[in-house]
Amino acid sequence: MDSELLPVHHMVQEAIETLSSSRDASQISRALRTVKSFLGKTENPASVKEQDEFIGRHFTTFLQCLMNSLSPDWLEQFQSDEEKELWASFFLEGPADQSFMVLLEAIISIRSSFCLNKLVDILEQFLRRDRLSALMWEVCKRQTQIGSPVLQEATLGRIVCLPDHLANKLQGENRPIFFPQNYFPLLGVALVQVMERIFDSLRDGLDCSISFVSQVLGKGCAHGRKREILSVLVPHLADRTQSDCIWQRMSWRLVESVPDRWMEAVVCGFVQLAGGSAALVRLLGNLVLKSKKAQFVMTQKLLFFQYNYPTAVLQTLLGYLALESMRRPLLIKVFKELLEVWGSSSAMKHSTVEQRLYISKAILICLSHLKEEEIISNRQELLTSFMEGMKCHLDSNSPRIRLMGMVVAECLSEKITPEGPALKFQYEEDDEIKELKSLVTEKPDETTVSDAPSIKNGISAAGPREVPKPSMKEVPAASKEVAQGTDSELDSDDELLPYDMSHDKELKKTKAPTYLRDCLEILTGPEDADKYEAAMTVLETLIRKNAAAVQEMGVELAKVLLHLEVKSYIEGFVGLRQSAMAAIVVIHPIPVAQYLTSEFYSLNYSLRQRMDILDVLAMAAQELSQPVSPDSKQPPPRDGSQIQFSGSSSSDWQKVVDERIKNKTRRFAKGRSQAEPRCAPNRFGPVAGHFFFPLLQNFDRPLSTFDLLGDDHLVLGRLAHTLAILMYFAVNTVVAAAMGKALLEFIWVLRFHTDTYVRQGLLSCVSSLVLSLPPEHLLEDMAEELLEIRFWLADVAEKDPDGESRRLAVQNLLLVENLKKRLESSPP
């Protein structure tokens, strides 16, 4: 050892012996002040060489001695607060990295309650005095030299995992500053502070490494706390990089130095919080070209493996790729891949509606950034994907997906083939469609801080001015002259009140028919718009008033209505036709149901007609199952509880099932909560078999124009939902057991169908089966089938790509479990 440094060693050893053995407060204070001079914090500090020797060789040992001598009676020897703070100052003013590591190691291993509380107090002060930034700054300075990677890795782990260590140690007595939601924003502030020091160092021409800051940032973000850290760091960087190129290079280097295993969390956080594509360019530079991991995250992970990010994040990400010529090839590559996924029927079957919407938004945002020459050079490839995607979306069972497909197809057609005729579809625009269309128009990026309006500069920061309302007192003289001209006599009309015409009815040119036979002649005769409208408007009413005539001509009238072409000039024509056919089935159920079910599998019918048959049977089954008073000849009035079958969604059917589940749930209340339901026989029971079994007979037999197990899965899905409805309304009937057995076989054959709508229909069948059959019958006669269905339901609940299917599967599993519990709890 250098002879010049021997006094340092001897003085530290003497101080350690004094602290270990002495109980004299004045002697201990002198020893502490002597050692404090080696930190350079006294009036007569030691030389720089002595300070380096103490910090490099003796500081950690001295801190451990301080902690070992810590006890209640030892601290009570200090008579003033200044002497007590002298002890703590070694941890709060000495080298932050060594102090932090020694403190945390001692807290993790110590058991004494007094010592533990004292050390936790010191650690809390350490954090509150911004010593974390000092710690990282010391490591950053040391990285320019040869250092210990093991020690650096240990320091990194302790910094990021500090909340975990303190929570495990203190448990219920943990302090708020160590909670993750409080600690990690504090860590973000420390990152900002150390970057400010790095900036000052670089500006002064001194070497400094930023890699340790990158490691802390990466590990903290990967630890699941990217929002807490980056919500502090990113706004500061976005502000500082606006006008300073050194800060831009620092920000680029900060993210580039993040290890690959943590790169995803950091990049995702920056994209989310950047606030716009221009800001993201300043923050990341050409990171997507320099880092393969970052490129994978930005061009694959955020676009194809995620779909929960808001539209603004997609605009920021794709705008970043478009804002620089070197990155634009990646934008074109991403656009082609998005179109390929958009046009893939396999991808559509295994993705949710939300994923399809996310992909559609990304395509339209890319489209807004592409230049004409880029589209022309790739036109043939884009056209191929465009045509495949349009067909795939228009063939979908989901109205929402079809609408998305129409909008994207219109926008693609306008950009890819601007010289050809514009592609236009007819649909009603909702908020989602309007948002999609707005994405095609490229919007200017966010306003920078320097360009933002400022009150200090005399520019009003208020919102847009309101348009002043016109006032008669402010009319110019020229306007008054005109007003007093030839039209002045009309001024008196302003005082006349308008008539209330809200209840007026339009006069019909044609008198409505009075008899069913007249309606039949009108519908089968030469087409007359006025007569057709008059006949369809009153048809359902006439059917319900003339049951005898329906018994005579019901099948003939149902045949005419089934083959009647859609009359677009009649408002609500489809609903009028279905309601009339359902009324016929209700009054004359067996012959008309036999006719409709036999025609369902016949040749030369359109898919629309076949789905009309299913809707009519379901509507009639619902009405027949409702109770009717014995003295009432009129059918029950239609109200909001009626299921709407005209759409392809099963949401209304699910509402009815959910209501049945709610009614079957036991609740405790005082008194009678609602009126007793009317008791009446289920009129659907005697005829249910004529509705149900013919629909199951030929579903697996393909026809030349109709194949349920092939391309016509929309009708197959509607068939499954209709069978579920028929089973549901056959509750407590004799034929329900046979219907349940047949329905189980139907479910089992199709349970692995690839179409989402079909699977939802099968899950609805399971719900209606469990709700409609007695528990004893299900668990005794169908126990084996029910067990297999449970395994299938569990698989769907865990693995199905569609969220609604998973929800239905979980609901069915709960129904089956409740069924078992009810049966086990019931008395023998």
# chains A, B, ... in the order shown; residues from 1 in each chain; ligands from 1

$ residues_around --residues "stretch 263-279 of chain A" --least-positions-apart "3" --cutoff "9 Å" --atoms "only C-alpha atoms" --output "tab-separated table (two decimals) with all heavy atoms, in the first residue's frame"
chain	number	residue	atom	x	y	z
A	217	LEU	N	-34.21	1.86	-17.55
A	217	LEU	CA	-35.46	2.13	-18.27
A	217	LEU	C	-36.05	0.83	-18.82
A	217	LEU	O	-37.25	0.57	-18.66
A	217	LEU	CB	-35.18	3.11	-19.41
A	217	LEU	CG	-36.35	3.39	-20.37
A	217	LEU	CD1	-37.50	4.05	-19.65
A	217	LEU	CD2	-35.88	4.25	-21.54
A	218	GLY	N	-35.22	0.01	-19.47
A	218	GLY	CA	-35.73	-1.23	-20.07
A	218	GLY	C	-36.25	-2.20	-19.03
A	218	GLY	O	-37.34	-2.76	-19.18
A	219	LYS	N	-35.48	-2.42	-17.96
A	219	LYS	CA	-35.91	-3.38	-16.95
A	219	LYS	C	-37.16	-2.89	-16.22
A	219	LYS	O	-38.05	-3.68	-15.91
A	219	LYS	CB	-34.77	-3.61	-15.95
A	219	LYS	CG	-35.02	-4.79	-15.00
A	219	LYS	CD	-33.82	-5.07	-14.14
A	219	LYS	CE	-34.07	-6.26	-13.20
A	219	LYS	NZ	-34.23	-7.52	-13.93
A	221	CYS	N	-39.55	-0.92	-17.48
A	221	CYS	CA	-40.69	-1.07	-18.38
A	221	CYS	C	-41.09	-2.54	-18.51
A	221	CYS	O	-42.28	-2.86	-18.52
A	221	CYS	CB	-40.36	-0.48	-19.75
A	221	CYS	SG	-40.20	1.31	-19.75
A	222	ALA	N	-40.11	-3.42	-18.64
A	222	ALA	CA	-40.41	-4.84	-18.74
A	222	ALA	C	-40.99	-5.39	-17.45
A	222	ALA	O	-41.65	-6.43	-17.44
A	222	ALA	CB	-39.14	-5.62	-19.12
A	223	HIS	N	-40.72	-4.69	-16.34
A	223	HIS	CA	-41.25	-5.09	-15.03
A	223	HIS	C	-42.74	-4.79	-14.92
A	223	HIS	O	-43.36	-5.08	-13.90
A	223	HIS	CB	-40.48	-4.34	-13.94
A	223	HIS	CG	-40.47	-5.04	-12.62
A	223	HIS	ND1	-39.86	-6.26	-12.41
A	223	HIS	CD2	-40.99	-4.71	-11.41
A	223	HIS	CE1	-40.02	-6.63	-11.15
A	223	HIS	NE2	-40.70	-5.71	-10.53
A	224	GLY	N	-43.33	-4.21	-15.97
A	224	GLY	CA	-44.76	-3.91	-15.97
A	224	GLY	C	-45.10	-2.51	-15.52
A	224	GLY	O	-46.26	-2.21	-15.24
A	226	LYS	N	-44.16	0.49	-17.27
A	226	LYS	CA	-43.74	1.43	-18.31
A	226	LYS	C	-44.57	2.72	-18.27
A	226	LYS	O	-44.05	3.80	-18.54
A	226	LYS	CB	-43.84	0.77	-19.70
A	226	LYS	CG	-45.25	0.41	-20.14
A	226	LYS	CD	-45.23	-0.26	-21.50
A	226	LYS	CE	-46.64	-0.66	-21.93
A	226	LYS	NZ	-46.65	-1.38	-23.20
A	227	ARG	N	-45.86	2.62	-17.95
A	227	ARG	CA	-46.68	3.83	-17.95
A	227	ARG	C	-46.23	4.79	-16.85
A	227	ARG	O	-46.17	6.00	-17.06
A	227	ARG	CB	-48.16	3.47	-17.79
A	227	ARG	CG	-49.09	4.67	-17.85
A	227	ARG	CD	-50.52	4.25	-18.11
A	227	ARG	NE	-50.68	3.69	-19.44
A	227	ARG	CZ	-50.85	4.42	-20.54
A	227	ARG	NH1	-50.87	5.74	-20.45
A	227	ARG	NH2	-51.00	3.85	-21.70
A	230	LEU	N	-42.59	6.13	-18.03
A	230	LEU	CA	-42.55	6.90	-19.27
A	230	LEU	C	-43.49	8.09	-19.25
A	230	LEU	O	-43.28	9.04	-20.01
A	230	LEU	CB	-42.88	5.99	-20.46
A	230	LEU	CG	-41.87	4.88	-20.73
A	230	LEU	CD1	-42.29	4.05	-21.93
A	230	LEU	CD2	-40.48	5.46	-20.98
A	231	SER	N	-44.52	8.07	-18.42
A	231	SER	CA	-45.40	9.24	-18.34
A	231	SER	C	-44.65	10.45	-17.77
A	231	SER	O	-45.07	11.59	-17.96
A	231	SER	CB	-46.62	8.93	-17.46
A	231	SER	OG	-46.22	8.57	-16.16
A	234	VAL	N	-41.12	10.61	-21.06
A	234	VAL	CA	-41.40	10.92	-22.46
A	234	VAL	C	-41.81	12.38	-22.67
A	234	VAL	O	-41.29	13.04	-23.58
A	234	VAL	CB	-42.48	9.95	-23.03
A	234	VAL	CG1	-42.97	10.41	-24.39
A	234	VAL	CG2	-41.90	8.54	-23.14
A	235	PRO	N	-42.72	12.95	-21.86
A	235	PRO	CA	-43.04	14.38	-22.08
A	235	PRO	C	-41.81	15.29	-21.95
A	235	PRO	O	-41.68	16.27	-22.69
A	235	PRO	CB	-44.08	14.68	-21.00
A	235	PRO	CG	-44.70	13.36	-20.68
A	235	PRO	CD	-43.59	12.37	-20.82
A	238	ALA	N	-39.78	14.82	-25.11
A	238	ALA	CA	-40.46	15.44	-26.25
A	238	ALA	C	-40.27	16.95	-26.24
A	238	ALA	O	-40.13	17.58	-27.31
A	238	ALA	CB	-41.95	15.08	-26.22
A	239	ASP	N	-40.26	17.53	-25.07
A	239	ASP	CA	-40.07	18.98	-24.95
A	239	ASP	C	-38.63	19.38	-25.26
A	239	ASP	O	-38.37	20.31	-26.03
A	239	ASP	CB	-40.47	19.43	-23.55
A	239	ASP	CG	-40.31	20.93	-23.35
A	239	ASP	OD1	-40.64	21.69	-24.28
A	239	ASP	OD2	-39.87	21.34	-22.27
A	241	THR	N	-36.31	17.75	-26.96
A	241	THR	CA	-35.81	17.41	-28.30
A	241	THR	C	-36.36	18.33	-29.38
A	241	THR	O	-35.94	18.20	-30.54
A	241	THR	CB	-36.19	15.96	-28.64
A	241	THR	OG1	-37.61	15.79	-28.48
A	241	THR	CG2	-35.46	14.97	-27.76
A	242	GLN	N	-37.24	19.23	-29.05
A	242	GLN	CA	-37.81	20.10	-30.08
A	242	GLN	C	-36.79	21.06	-30.66
A	242	GLN	O	-36.85	21.39	-31.84
A	242	GLN	CB	-38.99	20.89	-29.50
A	242	GLN	CG	-40.26	20.06	-29.39
A	242	GLN	CD	-41.45	20.92	-29.01
A	242	GLN	OE1	-41.37	22.13	-28.99
A	242	GLN	NE2	-42.56	20.27	-28.73
A	255	VAL	N	-32.72	4.84	-26.24
A	255	VAL	CA	-33.56	3.70	-26.63
A	255	VAL	C	-32.75	2.65	-27.37
A	255	VAL	O	-32.98	1.45	-27.22
A	255	VAL	CB	-34.76	4.18	-27.47
A	255	VAL	CG1	-35.71	3.03	-27.76
A	255	VAL	CG2	-35.50	5.30	-26.75
A	256	GLU	N	-31.78	3.08	-28.19
A	256	GLU	CA	-30.96	2.12	-28.92
A	256	GLU	C	-30.16	1.23	-27.98
A	256	GLU	O	-29.88	0.06	-28.30
A	256	GLU	CB	-30.00	2.86	-29.86
A	256	GLU	CG	-30.67	3.51	-31.05
A	256	GLU	CD	-29.72	4.41	-31.81
A	256	GLU	OE1	-28.49	4.35	-31.52
A	256	GLU	OE2	-30.18	5.19	-32.67
A	258	VAL	N	-31.06	0.07	-25.08
A	258	VAL	CA	-31.88	-0.85	-24.29
A	258	VAL	C	-31.63	-2.28	-24.79
A	258	VAL	O	-31.71	-2.53	-26.01
A	258	VAL	CB	-33.38	-0.50	-24.41
A	258	VAL	CG1	-34.25	-1.55	-23.74
A	258	VAL	CG2	-33.65	0.87	-23.80
A	259	PRO	N	-31.33	-3.23	-23.92
A	259	PRO	CA	-31.13	-4.61	-24.38
A	259	PRO	C	-32.36	-5.15	-25.10
A	259	PRO	O	-33.50	-4.76	-24.81
A	259	PRO	CB	-30.86	-5.38	-23.07
A	259	PRO	CG	-30.34	-4.33	-22.12
A	259	PRO	CD	-31.06	-3.07	-22.48
A	260	ASP	N	-32.14	-6.06	-26.04
A	260	ASP	CA	-33.22	-6.59	-26.87
A	260	ASP	C	-34.33	-7.23	-26.05
A	260	ASP	O	-35.50	-7.17	-26.42
A	260	ASP	CB	-32.67	-7.62	-27.86
A	260	ASP	CG	-32.00	-6.94	-29.06
A	260	ASP	OD1	-32.13	-5.70	-29.17
A	260	ASP	OD2	-31.35	-7.64	-29.86
A	282	ARG	N	-38.60	12.47	-33.36
A	282	ARG	CA	-37.59	13.14	-32.55
A	282	ARG	C	-37.07	12.24	-31.44
A	282	ARG	O	-35.90	12.28	-31.07
A	282	ARG	CB	-38.15	14.42	-31.93
A	282	ARG	CG	-38.58	15.47	-32.93
A	282	ARG	CD	-38.73	16.83	-32.25
A	282	ARG	NE	-39.60	16.78	-31.09
A	282	ARG	CZ	-40.91	16.98	-31.10
A	282	ARG	NH1	-41.51	17.24	-32.26
A	282	ARG	NH2	-41.61	16.95	-29.99
A	283	LEU	N	-37.95	11.42	-30.88
A	283	LEU	CA	-37.57	10.57	-29.75
A	283	LEU	C	-36.78	9.34	-30.16
A	283	LEU	O	-35.87	8.91	-29.45
A	283	LEU	CB	-38.82	10.14	-28.98
A	283	LEU	CG	-39.61	11.25	-28.28
A	283	LEU	CD1	-40.92	10.71	-27.74
A	283	LEU	CD2	-38.79	11.86	-27.15
A	284	LEU	N	-37.14	8.74	-31.30
A	284	LEU	CA	-36.55	7.45	-31.68
A	284	LEU	C	-35.60	7.54	-32.86
A	284	LEU	O	-34.79	6.62	-33.06
A	284	LEU	CB	-37.66	6.44	-32.01
A	284	LEU	CG	-38.66	6.11	-30.91
A	284	LEU	CD1	-39.60	5.02	-31.37
A	284	LEU	CD2	-37.96	5.69	-29.62
A	293	LYS	N	-35.03	-5.95	-33.36
A	293	LYS	CA	-36.08	-6.18	-32.37
A	293	LYS	C	-37.12	-5.06	-32.43
A	293	LYS	O	-38.33	-5.30	-32.42
A	293	LYS	CB	-35.47	-6.26	-30.97
A	293	LYS	CG	-36.48	-6.50	-29.86
A	293	LYS	CD	-37.09	-7.89	-29.94
A	293	LYS	CE	-37.97	-8.17	-28.74
A	293	LYS	NZ	-38.54	-9.52	-28.76
A	294	ALA	N	-36.65	-3.81	-32.50
A	294	ALA	CA	-37.57	-2.69	-32.58
A	294	ALA	C	-38.38	-2.74	-33.88
A	294	ALA	O	-39.58	-2.43	-33.89
A	294	ALA	CB	-36.80	-1.37	-32.49
A	296	PHE	N	-39.26	-5.44	-35.50
A	296	PHE	CA	-40.28	-6.49	-35.34
A	296	PHE	C	-41.45	-5.98	-34.50
A	296	PHE	O	-42.62	-6.21	-34.83
A	296	PHE	CB	-39.66	-7.72	-34.68
A	296	PHE	CG	-40.67	-8.77	-34.30
A	296	PHE	CD1	-41.25	-9.59	-35.25
A	296	PHE	CD2	-41.05	-8.93	-32.97
A	296	PHE	CE1	-42.19	-10.54	-34.90
A	296	PHE	CE2	-41.98	-9.88	-32.60
A	296	PHE	CZ	-42.56	-10.70	-33.58
A	297	VAL	N	-41.14	-5.26	-33.44
A	297	VAL	CA	-42.20	-4.75	-32.57
A	297	VAL	C	-43.08	-3.75	-33.31
A	297	VAL	O	-44.32	-3.81	-33.24
A	297	VAL	CB	-41.59	-4.10	-31.30
A	297	VAL	CG1	-42.67	-3.39	-30.50
A	297	VAL	CG2	-40.92	-5.16	-30.44
A	298	MET	N	-42.46	-2.83	-34.06
A	298	MET	CA	-43.20	-1.73	-34.67
A	298	MET	C	-43.91	-2.13	-35.95
A	298	MET	O	-44.95	-1.56	-36.29
A	298	MET	CB	-42.26	-0.56	-34.95
A	298	MET	CG	-41.60	0.00	-33.69
A	298	MET	SD	-40.51	1.39	-33.99
A	298	MET	CE	-41.68	2.71	-34.15
A	301	LYS	N	-45.55	-6.71	-34.19
A	301	LYS	CA	-46.20	-6.94	-32.90
A	301	LYS	C	-47.35	-5.96	-32.66
A	301	LYS	O	-48.45	-6.34	-32.27
A	301	LYS	CB	-45.16	-6.83	-31.79
A	301	LYS	CG	-45.53	-7.51	-30.49
A	301	LYS	CD	-45.42	-9.02	-30.61
A	301	LYS	CE	-45.73	-9.72	-29.31
A	301	LYS	NZ	-44.61	-9.70	-28.36
A	302	LEU	N	-47.09	-4.66	-32.90
A	302	LEU	CA	-48.10	-3.66	-32.61
A	302	LEU	C	-49.23	-3.65	-33.62
A	302	LEU	O	-50.30	-3.09	-33.35
A	302	LEU	CB	-47.45	-2.26	-32.59
A	302	LEU	CG	-46.57	-1.96	-31.38
A	302	LEU	CD1	-45.86	-0.63	-31.55
A	302	LEU	CD2	-47.39	-1.93	-30.11
A	309	TYR	N	-54.89	-1.12	-28.86
A	309	TYR	CA	-54.39	0.25	-28.84
A	309	TYR	C	-55.39	1.19	-29.52
A	309	TYR	O	-56.03	0.82	-30.51
A	309	TYR	CB	-53.04	0.34	-29.54
A	309	TYR	CG	-51.93	-0.36	-28.80
A	309	TYR	CD1	-51.34	-1.52	-29.29
A	309	TYR	CD2	-51.47	0.13	-27.59
A	309	TYR	CE1	-50.32	-2.17	-28.61
A	309	TYR	CE2	-50.45	-0.51	-26.90
A	309	TYR	CZ	-49.88	-1.66	-27.41
A	309	TYR	OH	-48.88	-2.29	-26.72
A	310	PRO	N	-55.52	2.42	-29.02
A	310	PRO	CA	-56.45	3.37	-29.66
A	310	PRO	C	-55.96	3.80	-31.04
A	310	PRO	O	-54.79	3.59	-31.41
A	310	PRO	CB	-56.46	4.55	-28.68
A	310	PRO	CG	-55.21	4.43	-27.89
A	310	PRO	CD	-54.90	2.97	-27.81
A	312	ALA	N	-55.26	6.67	-32.21
A	312	ALA	CA	-54.17	7.64	-32.19
A	312	ALA	C	-52.80	6.96	-32.17
A	312	ALA	O	-51.84	7.48	-32.75
A	312	ALA	CB	-54.32	8.57	-30.99
A	313	VAL	N	-52.70	5.82	-31.50
A	313	VAL	CA	-51.42	5.10	-31.46
A	313	VAL	C	-51.07	4.56	-32.84
A	313	VAL	O	-49.92	4.62	-33.28
A	313	VAL	CB	-51.50	3.96	-30.42
A	313	VAL	CG1	-50.26	3.08	-30.48
A	313	VAL	CG2	-51.66	4.52	-29.02
A	314	LEU	N	-52.07	4.03	-33.55
A	314	LEU	CA	-51.83	3.56	-34.92
A	314	LEU	C	-51.38	4.71	-35.82
A	314	LEU	O	-50.47	4.56	-36.64
A	314	LEU	CB	-53.10	2.94	-35.49
A	314	LEU	CG	-53.40	1.49	-35.11
A	314	LEU	CD1	-54.75	1.07	-35.67
A	314	LEU	CD2	-52.32	0.56	-35.62
A	315	GLN	N	-52.02	5.87	-35.67
A	315	GLN	CA	-51.63	7.03	-36.49
A	315	GLN	C	-50.21	7.47	-36.18
A	315	GLN	O	-49.45	7.83	-37.08
A	315	GLN	CB	-52.62	8.17	-36.24
A	315	GLN	CG	-54.01	7.90	-36.82
A	315	GLN	CD	-55.02	8.97	-36.46
A	315	GLN	OE1	-55.07	9.41	-35.33
A	315	GLN	NE2	-55.82	9.39	-37.43
A	316	THR	N	-49.85	7.43	-34.91
A	316	THR	CA	-48.48	7.80	-34.53
A	316	THR	C	-47.47	6.83	-35.12
A	316	THR	O	-46.45	7.23	-35.70
A	316	THR	CB	-48.36	7.81	-32.99
A	316	THR	OG1	-49.23	8.81	-32.45
A	316	THR	CG2	-46.94	8.11	-32.56
A	317	LEU	N	-47.74	5.54	-35.00
A	317	LEU	CA	-46.80	4.52	-35.46
A	317	LEU	C	-46.62	4.57	-36.98
A	317	LEU	O	-45.50	4.63	-37.50
A	317	LEU	CB	-47.31	3.14	-35.04
A	317	LEU	CG	-46.55	1.93	-35.59
A	317	LEU	CD1	-45.11	1.96	-35.15
A	317	LEU	CD2	-47.22	0.63	-35.13
A	318	LEU	N	-47.73	4.56	-37.73
A	318	LEU	CA	-47.63	4.53	-39.19
A	318	LEU	C	-47.17	5.88	-39.74
A	318	LEU	O	-46.49	5.93	-40.77
A	318	LEU	CB	-48.99	4.13	-39.78
A	318	LEU	CG	-49.44	2.72	-39.38
A	318	LEU	CD1	-50.88	2.46	-39.79
A	318	LEU	CD2	-48.51	1.67	-39.98
A	319	GLY	N	-47.51	6.96	-39.05
A	319	GLY	CA	-46.99	8.26	-39.45
A	319	GLY	C	-45.48	8.33	-39.27
A	319	GLY	O	-44.77	8.95	-40.08
A	320	TYR	N	-44.96	7.70	-38.23
A	320	TYR	CA	-43.51	7.63	-38.00
A	320	TYR	C	-42.82	6.92	-39.18
A	320	TYR	O	-41.77	7.37	-39.65
A	320	TYR	CB	-43.25	6.88	-36.70
A	320	TYR	CG	-41.83	6.41	-36.49
A	320	TYR	CD1	-40.83	7.28	-36.07
A	320	TYR	CD2	-41.49	5.07	-36.73
A	320	TYR	CE1	-39.53	6.84	-35.89
A	320	TYR	CE2	-40.19	4.63	-36.55
A	320	TYR	CZ	-39.22	5.51	-36.13
A	320	TYR	OH	-37.92	5.06	-35.95
A	321	LEU	N	-43.40	5.83	-39.67
A	321	LEU	CA	-42.80	5.12	-40.80
A	321	LEU	C	-42.86	5.95	-42.08
A	321	LEU	O	-42.02	5.79	-42.97
A	321	LEU	CB	-43.52	3.78	-41.02
A	321	LEU	CG	-43.44	2.76	-39.89
A	321	LEU	CD1	-44.23	1.51	-40.25
A	321	LEU	CD2	-41.99	2.40	-39.58
A	322	ALA	N	-43.85	6.84	-42.17
A	322	ALA	CA	-44.06	7.58	-43.42
A	322	ALA	C	-43.27	8.88	-43.49
A	322	ALA	O	-43.12	9.45	-44.58
A	322	ALA	CB	-45.55	7.88	-43.59
A	323	LEU	N	-42.75	9.36	-42.37
A	323	LEU	CA	-42.17	10.70	-42.34
A	323	LEU	C	-40.73	10.79	-42.83
A	323	LEU	O	-40.16	11.87	-42.82
A	323	LEU	CB	-42.26	11.26	-40.91
A	323	LEU	CG	-43.63	11.79	-40.50
A	323	LEU	CD1	-43.60	12.29	-39.07
A	323	LEU	CD2	-44.09	12.89	-41.43
A	445	ASP	N	-49.87	16.67	-38.17
A	445	ASP	CA	-49.42	16.15	-36.88
A	445	ASP	C	-49.72	17.15	-35.78
A	445	ASP	O	-50.18	18.26	-36.02
A	445	ASP	CB	-47.92	15.85	-36.93
A	445	ASP	CG	-47.54	14.75	-35.96
A	445	ASP	OD1	-47.52	15.01	-34.76
A	445	ASP	OD2	-47.27	13.65	-36.44
A	446	GLU	N	-49.43	16.76	-34.51
A	446	GLU	CA	-49.77	17.58	-33.37
A	446	GLU	C	-49.02	18.90	-33.40
A	446	GLU	O	-47.95	19.01	-33.97
A	446	GLU	CB	-49.45	16.83	-32.07
A	446	GLU	CG	-47.98	16.84	-31.66
A	446	GLU	CD	-47.13	15.89	-32.47
A	446	GLU	OE1	-47.70	15.10	-33.24
A	446	GLU	OE2	-45.90	15.92	-32.35
A	448	THR	N	-46.64	21.62	-32.11
A	448	THR	CA	-45.50	21.58	-31.21
A	448	THR	C	-45.63	22.64	-30.14
A	448	THR	O	-46.40	23.58	-30.27
A	448	THR	CB	-44.20	21.81	-32.00
A	448	THR	OG1	-44.29	23.09	-32.62
A	448	THR	CG2	-44.00	20.76	-33.06

$ closest_atom_pairs --of "stretch 741-771 of chain A" --to "stretch 784-804 of chain A" --cutoff "8 Å" --atoms "only C-alpha atoms" --output "JSON lines"
{"residue": "A:Leu744", "atom": "CA", "partner": "A:Glu785", "partner_atom": "CA", "distance": 7.5}
{"residue": "A:Trp748", "atom": "CA", "partner": "A:Ile789", "partner_atom": "CA", "distance": 7.8}
{"residue": "A:Arg751", "atom": "CA", "partner": "A:Trp792", "partner_atom": "CA", "distance": 7.8}
{"residue": "A:Thr756", "atom": "CA", "partner": "A:Asp802", "partner_atom": "CA", "distance": 6.9}
{"residue": "A:Gln760", "atom": "CA", "partner": "A:Glu804", "partner_atom": "CA", "distance": 7.6}

$ write_last_selection --atoms "N, CA, C and O atoms" --output "CSV table (one decimal), in the first residue's frame"
chain,number,residue,atom,x,y,z
A,744,LEU,N,-78.9,-32.5,-29.1
A,744,LEU,CA,-77.6,-32.9,-28.6
A,744,LEU,C,-76.7,-33.5,-29.7
A,744,LEU,O,-75.5,-33.2,-29.9
A,748,TRP,N,-73.3,-32.0,-31.4
A,748,TRP,CA,-72.1,-32.9,-31.3
A,748,TRP,C,-71.5,-33.0,-32.7
A,748,TRP,O,-70.2,-33.0,-32.9
A,751,ARG,N,-69.8,-29.3,-33.6
A,751,ARG,CA,-69.2,-28.5,-32.5
A,751,ARG,C,-67.9,-27.9,-32.9
A,751,ARG,O,-67.4,-26.9,-32.3
A,756,THR,N,-67.7,-18.6,-36.8
A,756,THR,CA,-68.1,-18.1,-35.5
A,756,THR,C,-69.6,-18.0,-35.2
A,756,THR,O,-70.0,-18.4,-34.1
A,760,GLN,N,-71.7,-19.9,-32.2
A,760,GLN,CA,-72.5,-19.2,-31.3
A,760,GLN,C,-73.9,-19.8,-31.3
A,760,GLN,O,-74.6,-19.9,-30.2

$ closest_residue --among "A:Val585, A:Ile246, A:Leu289, A:Met611" --to "A:Phe684" --atoms "only C-alpha atoms"
A:Val585

$ select_by_dssp --residues "stretch 177-405 of chain A" --states "alpha helix (DSSP H)" --output "number ranges by chain"
A: 180-203, 211-220, 226-240, 245-256, 260-273, 277-284, 287-290, 292-296, 311-322, 328-342, 345-349, 353-369, 372-377, 379-394, 399-405

$ closest_residue --among "A:Tyr307, A:Val440, A:Tyr427, A:Asp164" --to "A:Cys366" --atoms "only C-alpha atoms"
A:Val440

$ residues_around --residues "A:Trp247" --least-positions-apart "3" --cutoff "12 Å" --atoms "only C-alpha atoms" --output "number ranges by chain"
A: 192, 195-200, 202-203, 236-244, 250-254, 282-285

$ residues_around --residues "A:Ala134" --least-positions-apart "5" --cutoff "12 Å" --atoms "only C-alpha atoms" --output "count of residues only"
27

$ closest_residue --among "A:Ser598, A:Gln622, A:Gln811, A:Ser325" --to "A:Ile725" --atoms "only C-alpha atoms"
A:Gln622

$ residues_around --residues "stretch 690-700 of chain A" --least-positions-apart "6" --cutoff "7 Å" --atoms "only C-alpha atoms" --output "list in words"
Ile590, Ala593, Gln594, Thr597, Leu617, Leu708, Leu709, Leu723 and Leu726 of chain A

$ closest_residue --among "A:Ile332, A:Glu17, A:Ser767, A:Pro7" --to "A:Ala46" --atoms "only C-alpha atoms"
A:Pro7

$ atom_distance --atom1 "atom CA of A:His713" --atom2 "atom CA of A:Glu745"
18.3 Å

$ closest_residue --among "A:Val592, A:Val574, A:Leu564, A:Leu233" --to "A:Val687" --atoms "only C-alpha atoms"
A:Val592

$ atom_distance --atom1 "atom CA of A:Ile210" --atom2 "atom CA of A:Glu324"
26.2 Å

$ closest_residue --among "A:Ala558, A:Ile122, A:Ala529, A:Met67" --to "A:Ile110" --atoms "only C-alpha atoms"
A:Met67
